[in-house]
Each structure stands twice: as structure tokens, then as C-alpha cells.
Amino acid sequence: MAQSLVEKVSSIRRSQHGPVVCVLLLLIPFCLCDMFASEIVRNFQTELMTLLLLAAAYFVGFSDANARPHGAPNGKAVAAKKMSPPKAAPPAGDYQARQQPVRTVGRLASQIPRNATGVSGPPKDAWSSQEEAHEAIKRLSPMKVSEQKEADMQVLAQAKQGHIAPDASTYSKIMDACNRLNHVEMALELYSEMLQKGVPYDTEHQLISSHIVSKFFKLVAENLDEKRMRETGLQLLDIIQAHKVAPTNAVQNCLICSWKSKLPDDVLKVFVKLRAQGVSLSSTAYRCIMAAYERTEPERTLKLYDEMVERGVKLDRVAYNAALCACSHLGMADQALELFEKMPEHSLVPNGKTYGAVIKACTSTGKMKEAVDLFDSMREAGIEPNQFAFHDAIQSCVRIRRVGRAVALYGEMARAGVPPCDKTFAYLSKECLKRGLKEIADQISQDGADSKAAQARGERPPAPRPPPGLEELLRREGTEAAGDAVDAGPA
């Protein structure tokens, strides 16, 4: 009995959780003694411990015959792994689903050197068919890191010498080896071959894993120079889609950066087409489309803005300014002001274009006071207005009967070196003349004529001269404003 007990304890000890089970079982009799304080339990604690150990060993099933060596794989886990069904590949047209990582397909016998795994395989004549060879490869133990690296290097060496047939299965092996070794030279060489010969297909085997494809073409895109990316970028997108995989955000951004975010019409149309096909665009691609259509198709720009917010795509200032500009062109001043107030929620800081778009939206819809307040806030933030923001502010000042402030802004343009646009000269001189300010109106008209003449000669327009009588006009206007405030106050 003692020998049998020793064997049972040894079997439990060799199991995965053996030490924990033994400690718990040894503590049980003593816990019973403390709990019940019974003479019977104290007298027979040895027999109780024996019975408990035997019962536990029998219940758990750790006998010498069935006990697995320490460190061996769990039989139940292996069985469960074998029983799990293979993952179904998503439909070919579902690009978003295809972007999810997919397990690498099994290694094929034709793709792995005989001595790469460190395990001697069966003789060549023992394999009666290609299918048996594939099954034999699947039964090999996983490679160590050093063995995998050696195998990848052999694969790339054979590919460089042209000893591997250009089919889908071998292309997959080469692409996977390039990914693991970060082998840029071979990746670009394989990309050049695809440009010349197209994408290989192998109907006898599975499609190349989307994970391998995405990682490989990310390596290619990040190492193409700008010139070659501009020349072959659209073909790169076609090749990726031919592998039934959507271009990743990294690849999209590499193409956009090669054009300095100023996409030609043909490239822009490709991104619009990708979106229509259900491809998830990068935030950079979104803002390029929005900026391209902010004036010609402002409704599309606002639709893209709503789509970015709904999908949780990060907004940058270029995309935000495009939405504000679209609101301005559509006369949606309230929406523009609302978006402007929400900029801090997106961790964005307004710049000159931001202020200019909102000021324009307010001026075009009669919100003149809001436009002037925004102009003042812009200058307080240290942002220098351009000629268009100056013009909108001048127009707003005139509309709220502050002609002196409008003429003062005209003078500030001269000191800031900002040349007024033609419509500023014409508008301000006309409004001054209507109010009896003929001397100022004549001066502004002459400045406009001098500016046009300089532009015709190809010269820089001269700086406008300070309008005469401006101080008196501002003083009179300030007195009138103060009187209006008193009249509007409580009695």
C-alpha cells in the first residue's frame, strides 16, 4: 500500500498542477482536526490522509500509465486545437473585413529547403503525391528563430537567382520572408516584377494571406522614392486590390505625401472611387478630398465631415477648415460658428484660414457684428489677417455704420504691407463718397489706380497712403457711438 501511495503521489507531483494539489491534500486532515476537534479524526489522521490522496489521484486521473511528462503539451488543449474549425475567409469584395489580420497559410513543401527546419524529412520516393508532401510539412515542429531566419535567407537567395517559379504560393513565401527580414531590396524587386508581369494566381492553393500582403506592400510603399511613387502609385493600389486586399492607411498616406497633399485629378478620383467601393480611407485621404471640393461641391465636403465624425476618424485642421469653408460658401453662418466653437473638443487651434472662413460666412449672411468681433479676436491671437479678411472686416464695419473704423483698417493694411484687393479700393471709396468724405474717397481711388498700373507693368503695387482726416473722422465717430450708447441705456 505504501508503494502504491508513493506511486500515486509521484504521478500527481509530475503533473502540471501536482505541487499545488499535494499541498492542498496534505492540509485537509489538519484542517479537519482544527475544525471538528474530534479524537477520532486525530487518531486516524494518517489513514484519512492516505484515503484522501488515493481518492484525489483516482478522481483527477493522474496514474502512472496516463501521466504525461513534465512540460509535455496538454492533451486536451491539443485535441481542442485540432477540433477547432478553420476560419472562413471574408468575401472578396469586403475590403474592410479583409484588412483584419489573417493567419499565415501553411508552409508548402515546394517552398521550404529540405534542411531548413532542422528535422530530417522522409525520402523523396516516400512521397507519392504533392498532397502527401504538404501533409508532411504540416506535421513538422515549429521553427526556431535562427532556423526561420536561415530558411528565409535561403528563400530570398533562390528568388534572387530566379530558381523559384513565379506562382502565388512561392510569391507568398518570398513576401513573408521579406516581411520578417525587412528586406527592402528584394521587396522592391518583387514589386517591379509584379508591375511587369502582373499578379500571379494559383487556383490549387489558398489566396495569399491578407496580413502578409498588407505588411509587404507597406514595406514597399515606405521605401519607394517620391518620383517612383508618383509614377507607379496608382498601379500599386491596383496590385494590392488584385490580391483581394484593401490599401492600408499607411500605403494611402505614402502616395498622398509623394504629391505633397496636392493630388492631381486622376489620383483624387481614385480615392473617391476607393471610398465608393467601401475602402476605409485614411484621415489624410479624407481631408484631401474635402479640401478639393470645399468650393466646387461644398455639400460633398460637409457629408465627408459628418462621415469622419460618425466613424471616429481623427480630424485635422485642414479637414476642419474645409468644412468651415463649405459652410461659408453655402451661407451657413450659424453652422460655421457652431463648428468654430467646437474646435477645442478636437484639440485644434484656429489659424488664419479658420478665422477667414468664419468671418466670410458671417459677412455673407448679415452677421456683421460677429464678423468684426471675430476679426478682433484673430488679431488678439497674434494672427495677421490676409487681404480677404481685411476686406470682409471693412465691409462689416461699413454696414454697422463705423466708416471711420473701416478707413482705419484700410490704413492698417498699408502699415502691415498687405496690398488691398481691387474690390476693397472700389467698395471703400464708393461708401466714403456716399457719406460726403470726398477727400478720403479720392485718395483711396487714386491708390487703386496706382495699384492697377503697377500690376500692369509687372511691378509690386505701392503701399497705400494714409487717408487724410482720419483722426477727425474717428473722433467724431467715437462721439456718436458714445451718444448712441447713452440713448440706448436705461432711463
# chains A, B, ... in the order shown; residues from 1 in each chain; ligands from 1
call {"tool": "residues_around", "arguments": {"residues": "Ala336 of chain A", "least_positions_apart": "3", "cutoff": "8 Å", "atoms": "only C-alpha atoms", "output": "PyMOL selection string"}}
result
chain A and resi 324+327-328+332-333+339-340+358+361
call {"tool": "residues_around", "arguments": {"residues": "Lys227 of chain A", "least_positions_apart": "2", "cutoff": "12 Å", "atoms": "only C-alpha atoms", "output": "list in words"}}
result
Asn223, Leu224, Asp225, Met229, Arg230, Glu231, Thr232, Gly233, Cys254, Leu255, Cys257, Ser258, Trp259 and Lys260 of chain A
call {"tool": "write_last_selection", "arguments": {"atoms": "C-alpha atoms", "output": "compact mmCIF listing (two decimals), in the first residue's frame"}}
result
# COMPACT_ATOMS: atom_id res chain seq x y z
CA ASN A 223 10.73 52.64 -49.38
CA LEU A 224 9.68 53.96 -52.79
CA ASP A 225 11.12 57.39 -53.53
CA MET A 229 5.65 56.62 -56.07
CA ARG A 230 4.12 59.36 -58.22
CA GLU A 231 4.80 57.31 -61.36
CA THR A 232 3.58 53.91 -60.13
CA GLY A 233 1.40 54.77 -57.11
CA CYS A 254 2.66 57.37 -48.70
CA LEU A 255 1.00 58.08 -52.06
CA CYS A 257 2.77 62.51 -49.27
CA SER A 258 4.56 61.94 -52.59
CA TRP A 259 2.26 64.61 -54.06
CA LYS A 260 2.70 66.93 -51.04
call {"tool": "closest_residue", "arguments": {"among": "A:Lys423, A:Lys360, A:Lys269, A:Lys314", "to": "Tyr293 of chain A", "atoms": "only C-alpha atoms"}}
result
A:Lys269
call {"tool": "closest_residue", "arguments": {"among": "A:Arg300, A:Lys144, A:Pro466, A:Pro419", "to": "Lys452 of chain A", "atoms": "only C-alpha atoms"}}
result
A:Pro419
call {"tool": "residues_around", "arguments": {"residues": "Leu315 of chain A", "least_positions_apart": "2", "cutoff": "12 Å", "atoms": "only C-alpha atoms", "output": "ChimeraX atom specification"}}
result
/A:282-288,290,304-313,317-323,342-349
call {"tool": "closest_residue", "arguments": {"among": "A:Ala246, A:Ile174, A:Leu234, A:Ala276", "to": "Leu263 of chain A", "atoms": "only C-alpha atoms"}}
result
A:Leu234
call {"tool": "atom_distance", "arguments": {"atom1": "atom CA of Ile383 of chain A", "atom2": "atom CA of Glu412 of chain A"}}
result
14.2 Å
call {"tool": "residues_around", "arguments": {"residues": "segment 367-379 of chain A", "least_positions_apart": "3", "cutoff": "12 Å", "atoms": "only C-alpha atoms", "output": "mmCIF file with N, CA and C atoms, in the first residue's frame"}}
result
data_model
loop_
_atom_site.group_PDB
_atom_site.id
_atom_site.type_symbol
_atom_site.label_atom_id
_atom_site.label_comp_id
_atom_site.auth_asym_id
_atom_site.auth_seq_id
_atom_site.Cartn_x
_atom_site.Cartn_y
_atom_site.Cartn_z
ATOM 1 N N GLY A 331 -23.545 79.696 -47.198
ATOM 2 C CA GLY A 331 -24.250 80.697 -46.404
ATOM 3 C C GLY A 331 -24.753 80.158 -45.075
ATOM 4 N N MET A 332 -24.044 79.171 -44.508
ATOM 5 C CA MET A 332 -24.465 78.548 -43.249
ATOM 6 C C MET A 332 -23.635 79.140 -42.103
ATOM 7 N N ALA A 333 -23.939 80.398 -41.757
ATOM 8 C CA ALA A 333 -23.141 81.091 -40.739
ATOM 9 C C ALA A 333 -23.311 80.464 -39.362
ATOM 10 N N ASP A 334 -24.525 80.104 -39.000
ATOM 11 C CA ASP A 334 -24.756 79.510 -37.680
ATOM 12 C C ASP A 334 -23.987 78.206 -37.526
ATOM 13 N N ALA A 336 -21.292 77.390 -39.171
ATOM 14 C CA ALA A 336 -19.869 77.708 -39.130
ATOM 15 C C ALA A 336 -19.448 78.174 -37.734
ATOM 16 N N LEU A 337 -20.258 79.021 -37.124
ATOM 17 C CA LEU A 337 -19.955 79.478 -35.759
ATOM 18 C C LEU A 337 -19.982 78.322 -34.772
ATOM 19 N N PHE A 340 -16.850 76.335 -35.232
ATOM 20 C CA PHE A 340 -15.726 77.113 -34.695
ATOM 21 C C PHE A 340 -15.637 76.960 -33.175
ATOM 22 N N GLU A 341 -16.779 76.975 -32.505
ATOM 23 C CA GLU A 341 -16.784 76.838 -31.050
ATOM 24 C C GLU A 341 -16.359 75.442 -30.602
ATOM 25 N N VAL A 349 -6.460 74.202 -33.008
ATOM 26 C CA VAL A 349 -6.290 75.635 -32.782
ATOM 27 C C VAL A 349 -6.546 76.348 -34.104
ATOM 28 N N PRO A 350 -7.385 77.390 -34.133
ATOM 29 C CA PRO A 350 -7.672 78.083 -35.396
ATOM 30 C C PRO A 350 -6.458 78.809 -35.934
ATOM 31 N N ASN A 351 -6.386 78.883 -37.259
ATOM 32 C CA ASN A 351 -5.341 79.667 -37.913
ATOM 33 C C ASN A 351 -5.993 80.741 -38.782
ATOM 34 N N GLY A 352 -5.233 81.380 -39.650
ATOM 35 C CA GLY A 352 -5.767 82.459 -40.462
ATOM 36 C C GLY A 352 -6.906 82.016 -41.358
ATOM 37 N N LYS A 353 -6.782 80.830 -41.972
ATOM 38 C CA LYS A 353 -7.854 80.351 -42.842
ATOM 39 C C LYS A 353 -9.120 80.053 -42.039
ATOM 40 N N THR A 354 -8.952 79.540 -40.827
ATOM 41 C CA THR A 354 -10.114 79.254 -39.981
ATOM 42 C C THR A 354 -10.914 80.527 -39.733
ATOM 43 N N TYR A 355 -10.225 81.559 -39.251
ATOM 44 C CA TYR A 355 -10.904 82.830 -38.981
ATOM 45 C C TYR A 355 -11.494 83.422 -40.262
ATOM 46 N N GLY A 356 -10.726 83.361 -41.337
ATOM 47 C CA GLY A 356 -11.201 83.937 -42.584
ATOM 48 C C GLY A 356 -12.484 83.292 -43.077
ATOM 49 N N ALA A 357 -12.593 81.955 -42.948
ATOM 50 C CA ALA A 357 -13.796 81.253 -43.411
ATOM 51 C C ALA A 357 -15.013 81.641 -42.581
ATOM 52 N N VAL A 358 -14.834 81.729 -41.249
ATOM 53 C CA VAL A 358 -15.973 82.055 -40.384
ATOM 54 C C VAL A 358 -16.372 83.522 -40.563
ATOM 55 N N ILE A 359 -15.397 84.427 -40.698
ATOM 56 C CA ILE A 359 -15.697 85.840 -40.934
ATOM 57 C C ILE A 359 -16.465 86.000 -42.246
ATOM 58 N N LYS A 360 -16.021 85.271 -43.291
ATOM 59 C CA LYS A 360 -16.709 85.336 -44.575
ATOM 60 C C LYS A 360 -18.145 84.834 -44.451
ATOM 61 N N ALA A 361 -18.337 83.747 -43.695
ATOM 62 C CA ALA A 361 -19.687 83.206 -43.516
ATOM 63 C C ALA A 361 -20.594 84.221 -42.823
ATOM 64 N N CYS A 362 -20.055 84.917 -41.823
ATOM 65 C CA CYS A 362 -20.862 85.914 -41.102
ATOM 66 C C CYS A 362 -21.160 87.124 -41.984
ATOM 67 N N THR A 363 -20.160 87.594 -42.732
ATOM 68 C CA THR A 363 -20.355 88.779 -43.583
ATOM 69 C C THR A 363 -21.394 88.509 -44.669
ATOM 70 N N SER A 364 -21.357 87.301 -45.258
ATOM 71 C CA SER A 364 -22.267 86.994 -46.362
ATOM 72 C C SER A 364 -23.700 86.777 -45.901
ATOM 73 N N GLY A 382 -2.756 87.038 -32.338
ATOM 74 C CA GLY A 382 -1.465 87.182 -32.998
ATOM 75 C C GLY A 382 -1.448 86.668 -34.417
ATOM 76 N N ILE A 383 -2.627 86.500 -35.019
ATOM 77 C CA ILE A 383 -2.717 86.009 -36.393
ATOM 78 C C ILE A 383 -2.972 87.194 -37.316
ATOM 79 N N GLU A 384 -2.089 87.411 -38.269
ATOM 80 C CA GLU A 384 -2.215 88.559 -39.167
ATOM 81 C C GLU A 384 -3.217 88.252 -40.277
ATOM 82 N N PRO A 385 -4.238 89.063 -40.442
ATOM 83 C CA PRO A 385 -5.238 88.808 -41.480
ATOM 84 C C PRO A 385 -4.661 88.999 -42.881
ATOM 85 N N ASN A 386 -5.218 88.266 -43.852
ATOM 86 C CA ASN A 386 -4.844 88.492 -45.238
ATOM 87 C C ASN A 386 -5.769 89.548 -45.846
ATOM 88 N N PHE A 388 -8.222 89.315 -47.851
ATOM 89 C CA PHE A 388 -9.648 88.965 -47.913
ATOM 90 C C PHE A 388 -10.320 89.145 -46.550
ATOM 91 N N ALA A 389 -9.612 88.778 -45.483
ATOM 92 C CA ALA A 389 -10.163 89.003 -44.144
ATOM 93 C C ALA A 389 -10.296 90.499 -43.867
ATOM 94 N N PHE A 390 -9.298 91.293 -44.313
ATOM 95 C CA PHE A 390 -9.389 92.751 -44.169
ATOM 96 C C PHE A 390 -10.611 93.286 -44.913
ATOM 97 N N HIS A 391 -10.816 92.795 -46.133
ATOM 98 C CA HIS A 391 -11.942 93.286 -46.925
ATOM 99 C C HIS A 391 -13.275 92.977 -46.241
ATOM 100 N N ASP A 392 -13.422 91.735 -45.734
ATOM 101 C CA ASP A 392 -14.679 91.378 -45.063
ATOM 102 C C ASP A 392 -14.890 92.219 -43.810
ATOM 103 N N ALA A 393 -13.810 92.484 -43.082
ATOM 104 C CA ALA A 393 -13.934 93.303 -41.877
ATOM 105 C C ALA A 393 -14.301 94.744 -42.239
ATOM 106 N N ILE A 394 -13.699 95.285 -43.293
ATOM 107 C CA ILE A 394 -14.026 96.646 -43.741
ATOM 108 C C ILE A 394 -15.494 96.726 -44.151
ATOM 109 N N GLN A 395 -15.937 95.723 -44.908
ATOM 110 C CA GLN A 395 -17.336 95.705 -45.337
ATOM 111 C C GLN A 395 -18.278 95.627 -44.137
ATOM 112 N N SER A 396 -17.931 94.821 -43.142
ATOM 113 C CA SER A 396 -18.775 94.688 -41.954
ATOM 114 C C SER A 396 -18.827 95.991 -41.170
ATOM 115 N N CYS A 397 -17.687 96.679 -41.053
ATOM 116 C CA CYS A 397 -17.661 97.954 -40.335
ATOM 117 C C CYS A 397 -18.549 98.989 -41.017
ATOM 118 N N VAL A 398 -18.492 99.033 -42.341
ATOM 119 C CA VAL A 398 -19.341 99.986 -43.072
ATOM 120 C C VAL A 398 -20.809 99.674 -42.827
ATOM 121 N N ARG A 399 -21.164 98.386 -42.815
ATOM 122 C CA ARG A 399 -22.566 98.002 -42.661
ATOM 123 C C ARG A 399 -23.108 98.309 -41.271
ATOM 124 N N ILE A 400 -22.255 98.377 -40.272
ATOM 125 C CA ILE A 400 -22.730 98.721 -38.926
ATOM 126 C C ILE A 400 -22.445 100.197 -38.607
ATOM 127 N N ARG A 401 -22.261 100.999 -39.666
ATOM 128 C CA ARG A 401 -22.091 102.450 -39.561
ATOM 129 C C ARG A 401 -20.834 102.855 -38.791
ATOM 130 N N ARG A 402 -19.767 102.146 -39.064
ATOM 131 C CA ARG A 402 -18.470 102.520 -38.481
ATOM 132 C C ARG A 402 -17.474 102.716 -39.618
ATOM 133 N N ARG A 405 -13.832 103.345 -38.667
ATOM 134 C CA ARG A 405 -13.081 102.114 -38.353
ATOM 135 C C ARG A 405 -12.704 101.400 -39.654
ATOM 136 N N ALA A 406 -13.587 101.442 -40.660
ATOM 137 C CA ALA A 406 -13.273 100.811 -41.941
ATOM 138 C C ALA A 406 -12.090 101.496 -42.604
ATOM 139 N N LEU A 409 -8.918 100.546 -40.797
ATOM 140 C CA LEU A 409 -8.430 99.220 -41.185
ATOM 141 C C LEU A 409 -7.707 99.291 -42.524
ATOM 142 N N GLU A 412 -4.344 100.436 -41.756
ATOM 143 C CA GLU A 412 -3.548 99.381 -41.112
ATOM 144 C C GLU A 412 -3.032 98.376 -42.139
#
call {"tool": "atom_distance", "arguments": {"atom1": "atom CA of Gly448 of chain A", "atom2": "atom CA of Ala426 of chain A"}}
result
7.6 Å
call {"tool": "select_by_dssp", "arguments": {"residues": "segment 209-442 of chain A", "states": "alpha helix (DSSP H)", "output": "ChimeraX atom specification"}}
result
/A:210-223,226-242,249-258,265-276,283-293,298-311,317-329,333-341,352-364,368-380,387-399,403-416,422-434,438-442
call {"tool": "atom_distance", "arguments": {"atom1": "atom CA of Ser210 of chain A", "atom2": "atom CA of Met186 of chain A"}}
result
19.4 Å
call {"tool": "residues_around", "arguments": {"residues": "Tyr171 of chain A", "least_positions_apart": "3", "cutoff": "10 Å", "atoms": "only C-alpha atoms", "output": "list of chain:residue names"}}
result
A:Gln111, A:Ala159, A:Ile164, A:Ala165, A:Pro166, A:Asp167, A:Ala168, A:Ile174, A:Met175, A:Asp176, A:Ala177, A:Leu190, A:Val199, A:Pro200, A:Tyr201, A:Ile208
call {"tool": "write_last_selection", "arguments": {"atoms": "all heavy atoms", "output": "mmCIF file, in the first residue's frame"}}
result
data_model
loop_
_atom_site.group_PDB
_atom_site.id
_atom_site.type_symbol
_atom_site.label_atom_id
_atom_site.label_comp_id
_atom_site.auth_asym_id
_atom_site.auth_seq_id
_atom_site.Cartn_x
_atom_site.Cartn_y
_atom_site.Cartn_z
ATOM 1 N N GLN A 111 8.230 25.093 -51.135
ATOM 2 C CA GLN A 111 8.744 26.422 -50.832
ATOM 3 C C GLN A 111 9.829 26.410 -49.762
ATOM 4 O O GLN A 111 10.476 27.421 -49.542
ATOM 5 C CB GLN A 111 7.611 27.323 -50.334
ATOM 6 C CG GLN A 111 6.517 27.511 -51.363
ATOM 7 C CD GLN A 111 5.315 28.164 -50.756
ATOM 8 O OE1 GLN A 111 4.957 27.856 -49.629
ATOM 9 N NE2 GLN A 111 4.687 29.060 -51.488
ATOM 10 N N ALA A 159 15.264 33.126 -54.769
ATOM 11 C CA ALA A 159 14.443 34.034 -55.565
ATOM 12 C C ALA A 159 15.315 34.994 -56.371
ATOM 13 O O ALA A 159 15.002 35.320 -57.523
ATOM 14 C CB ALA A 159 13.510 34.813 -54.648
ATOM 15 N N ILE A 164 12.968 30.112 -58.226
ATOM 16 C CA ILE A 164 11.628 29.849 -57.706
ATOM 17 C C ILE A 164 10.614 30.285 -58.754
ATOM 18 O O ILE A 164 10.682 31.394 -59.288
ATOM 19 C CB ILE A 164 11.382 30.592 -56.386
ATOM 20 C CG1 ILE A 164 12.338 30.029 -55.313
ATOM 21 C CG2 ILE A 164 9.943 30.449 -55.925
ATOM 22 C CD1 ILE A 164 12.150 30.624 -53.950
ATOM 23 N N ALA A 165 9.659 29.402 -59.016
ATOM 24 C CA ALA A 165 8.656 29.699 -60.038
ATOM 25 C C ALA A 165 7.762 30.841 -59.580
ATOM 26 O O ALA A 165 7.393 30.915 -58.414
ATOM 27 C CB ALA A 165 7.818 28.460 -60.309
ATOM 28 N N PRO A 166 7.392 31.744 -60.497
ATOM 29 C CA PRO A 166 6.542 32.898 -60.129
ATOM 30 C C PRO A 166 5.070 32.526 -60.042
ATOM 31 O O PRO A 166 4.265 32.906 -60.888
ATOM 32 C CB PRO A 166 6.803 33.870 -61.279
ATOM 33 C CG PRO A 166 7.100 32.992 -62.458
ATOM 34 C CD PRO A 166 7.808 31.794 -61.906
ATOM 35 N N ASP A 167 4.703 31.740 -59.022
ATOM 36 C CA ASP A 167 3.293 31.447 -58.786
ATOM 37 C C ASP A 167 2.892 32.028 -57.434
ATOM 38 O O ASP A 167 3.711 32.551 -56.697
ATOM 39 C CB ASP A 167 3.013 29.940 -58.842
ATOM 40 C CG ASP A 167 3.922 29.140 -57.910
ATOM 41 O OD1 ASP A 167 4.187 29.640 -56.794
ATOM 42 O OD2 ASP A 167 4.372 28.045 -58.281
ATOM 43 N N ALA A 168 1.596 31.930 -57.123
ATOM 44 C CA ALA A 168 1.094 32.589 -55.919
ATOM 45 C C ALA A 168 1.710 32.027 -54.652
ATOM 46 O O ALA A 168 2.026 32.768 -53.721
ATOM 47 C CB ALA A 168 -0.429 32.459 -55.868
ATOM 48 N N ILE A 174 8.064 34.346 -50.592
ATOM 49 C CA ILE A 174 9.047 35.426 -50.745
ATOM 50 C C ILE A 174 8.592 36.677 -49.999
ATOM 51 O O ILE A 174 9.371 37.330 -49.307
ATOM 52 C CB ILE A 174 9.265 35.745 -52.243
ATOM 53 C CG1 ILE A 174 9.812 34.521 -52.959
ATOM 54 C CG2 ILE A 174 10.218 36.917 -52.400
ATOM 55 C CD1 ILE A 174 9.854 34.668 -54.468
ATOM 56 N N MET A 175 7.306 37.021 -50.137
ATOM 57 C CA MET A 175 6.776 38.205 -49.457
ATOM 58 C C MET A 175 6.892 38.057 -47.946
ATOM 59 O O MET A 175 7.265 39.002 -47.241
ATOM 60 C CB MET A 175 5.316 38.422 -49.869
ATOM 61 C CG MET A 175 5.156 38.841 -51.326
ATOM 62 S SD MET A 175 3.476 38.636 -51.960
ATOM 63 C CE MET A 175 2.638 39.965 -51.114
ATOM 64 N N ASP A 176 6.579 36.855 -47.439
ATOM 65 C CA ASP A 176 6.660 36.618 -45.995
ATOM 66 C C ASP A 176 8.096 36.734 -45.517
ATOM 67 O O ASP A 176 8.373 37.280 -44.440
ATOM 68 C CB ASP A 176 6.084 35.241 -45.678
ATOM 69 C CG ASP A 176 5.624 35.129 -44.232
ATOM 70 O OD1 ASP A 176 5.487 36.182 -43.573
ATOM 71 O OD2 ASP A 176 5.382 34.011 -43.770
ATOM 72 N N ALA A 177 9.044 36.215 -46.305
ATOM 73 C CA ALA A 177 10.460 36.305 -45.931
ATOM 74 C C ALA A 177 10.923 37.769 -45.938
ATOM 75 O O ALA A 177 11.670 38.198 -45.056
ATOM 76 C CB ALA A 177 11.304 35.474 -46.892
ATOM 77 N N LEU A 190 10.622 42.420 -56.276
ATOM 78 C CA LEU A 190 9.394 41.651 -56.496
ATOM 79 C C LEU A 190 8.266 42.574 -56.953
ATOM 80 O O LEU A 190 7.446 42.199 -57.808
ATOM 81 C CB LEU A 190 9.001 40.924 -55.209
ATOM 82 C CG LEU A 190 7.826 39.948 -55.312
ATOM 83 C CD1 LEU A 190 8.122 38.844 -56.316
ATOM 84 C CD2 LEU A 190 7.514 39.344 -53.950
ATOM 85 N N VAL A 199 -0.056 40.154 -61.278
ATOM 86 C CA VAL A 199 -0.151 39.397 -60.026
ATOM 87 C C VAL A 199 -0.403 37.936 -60.354
ATOM 88 O O VAL A 199 -1.353 37.621 -61.079
ATOM 89 C CB VAL A 199 -1.289 39.949 -59.143
ATOM 90 C CG1 VAL A 199 -1.434 39.126 -57.879
ATOM 91 C CG2 VAL A 199 -1.007 41.406 -58.805
ATOM 92 N N PRO A 200 0.430 37.012 -59.843
ATOM 93 C CA PRO A 200 0.217 35.585 -60.141
ATOM 94 C C PRO A 200 -0.943 35.008 -59.346
ATOM 95 O O PRO A 200 -1.213 35.423 -58.218
ATOM 96 C CB PRO A 200 1.543 34.958 -59.713
ATOM 97 C CG PRO A 200 2.035 35.842 -58.619
ATOM 98 C CD PRO A 200 1.588 37.235 -58.983
ATOM 99 N N TYR A 201 -1.619 34.036 -59.946
ATOM 100 C CA TYR A 201 -2.725 33.349 -59.272
ATOM 101 C C TYR A 201 -2.433 31.854 -59.268
ATOM 102 O O TYR A 201 -1.842 31.310 -60.206
ATOM 103 C CB TYR A 201 -4.056 33.618 -59.979
ATOM 104 C CG TYR A 201 -4.505 35.046 -59.897
ATOM 105 C CD1 TYR A 201 -4.227 35.946 -60.917
ATOM 106 C CD2 TYR A 201 -5.183 35.506 -58.776
ATOM 107 C CE1 TYR A 201 -4.625 37.270 -60.819
ATOM 108 C CE2 TYR A 201 -5.582 36.832 -58.676
ATOM 109 C CZ TYR A 201 -5.301 37.701 -59.702
ATOM 110 O OH TYR A 201 -5.696 39.008 -59.605
ATOM 111 N N ILE A 208 -3.074 34.434 -51.043
ATOM 112 C CA ILE A 208 -2.030 34.870 -50.116
ATOM 113 C C ILE A 208 -2.679 35.582 -48.937
ATOM 114 O O ILE A 208 -3.616 36.359 -49.100
ATOM 115 C CB ILE A 208 -1.044 35.800 -50.840
ATOM 116 C CG1 ILE A 208 -0.422 35.076 -52.029
ATOM 117 C CG2 ILE A 208 0.045 36.280 -49.897
ATOM 118 C CD1 ILE A 208 0.503 35.941 -52.863
#
call {"tool": "closest_residue", "arguments": {"among": "A:Gly404, A:Val418, A:Gln455, A:Val279", "to": "Arg435 of chain A", "atoms": "only C-alpha atoms"}}
result
A:Gly404
call {"tool": "decode", "arguments": {"residues": "segment 293-299 of chain A", "atoms": "all heavy atoms", "output": "CSV table (one decimal), in the first residue's frame"}}
result
chain,number,residue,atom,x,y,z
A,293,TYR,N,-13.0,69.8,-52.8
A,293,TYR,CA,-14.4,70.1,-53.1
A,293,TYR,C,-15.0,71.2,-52.2
A,293,TYR,O,-16.2,71.4,-52.3
A,293,TYR,CB,-15.2,68.8,-53.1
A,293,TYR,CG,-14.8,67.8,-54.1
A,293,TYR,CD1,-14.2,66.6,-53.8
A,293,TYR,CD2,-15.1,68.0,-55.5
A,293,TYR,CE1,-13.9,65.7,-54.7
A,293,TYR,CE2,-14.8,67.1,-56.4
A,293,TYR,CZ,-14.1,65.9,-56.1
A,293,TYR,OH,-13.8,65.0,-57.0
A,294,GLU,N,-14.3,71.8,-51.4
A,294,GLU,CA,-14.9,72.8,-50.4
A,294,GLU,C,-15.5,74.0,-51.1
A,294,GLU,O,-16.5,74.5,-50.6
A,294,GLU,CB,-13.8,73.3,-49.5
A,294,GLU,CG,-12.7,74.1,-50.1
A,294,GLU,CD,-11.6,74.5,-49.1
A,294,GLU,OE1,-11.5,73.9,-48.1
A,294,GLU,OE2,-10.8,75.4,-49.5
A,295,ARG,N,-15.1,74.3,-52.3
A,295,ARG,CA,-15.7,75.4,-53.1
A,295,ARG,C,-16.6,74.9,-54.2
A,295,ARG,O,-17.7,75.5,-54.4
A,295,ARG,CB,-14.6,76.3,-53.6
A,295,ARG,CG,-13.9,77.2,-52.6
A,295,ARG,CD,-12.8,78.0,-53.2
A,295,ARG,NE,-12.3,78.9,-52.2
A,295,ARG,CZ,-11.3,78.6,-51.4
A,295,ARG,NH1,-10.8,77.4,-51.5
A,295,ARG,NH2,-10.8,79.5,-50.5
A,296,THR,N,-16.2,73.9,-54.9
A,296,THR,CA,-16.9,73.4,-56.1
A,296,THR,C,-18.1,72.6,-55.7
A,296,THR,O,-19.2,72.6,-56.3
A,296,THR,CB,-16.0,72.7,-57.0
A,296,THR,OG1,-15.4,71.6,-56.3
A,296,THR,CG2,-15.0,73.6,-57.6
A,297,GLU,N,-17.9,71.7,-54.7
A,297,GLU,CA,-19.0,70.8,-54.2
A,297,GLU,C,-19.0,70.9,-52.6
A,297,GLU,O,-18.7,69.9,-52.0
A,297,GLU,CB,-18.8,69.4,-54.7
A,297,GLU,CG,-18.9,69.3,-56.2
A,297,GLU,CD,-18.7,67.8,-56.6
A,297,GLU,OE1,-19.4,66.9,-56.0
A,297,GLU,OE2,-18.0,67.5,-57.6
A,298,PRO,N,-19.4,72.0,-52.1
A,298,PRO,CA,-19.4,72.1,-50.6
A,298,PRO,C,-20.3,71.1,-49.9
A,298,PRO,O,-20.0,70.7,-48.8
A,298,PRO,CB,-19.9,73.5,-50.3
A,298,PRO,CG,-20.6,73.9,-51.6
A,298,PRO,CD,-20.0,73.2,-52.7
A,299,GLU,N,-21.4,70.7,-50.5
A,299,GLU,CA,-22.2,69.7,-49.9
A,299,GLU,C,-21.5,68.4,-49.7
A,299,GLU,O,-21.6,67.7,-48.7
A,299,GLU,CB,-23.5,69.4,-50.7
A,299,GLU,CG,-24.4,70.6,-50.9
A,299,GLU,CD,-24.0,71.5,-52.1
A,299,GLU,OE1,-23.0,71.2,-52.7
A,299,GLU,OE2,-24.8,72.4,-52.4
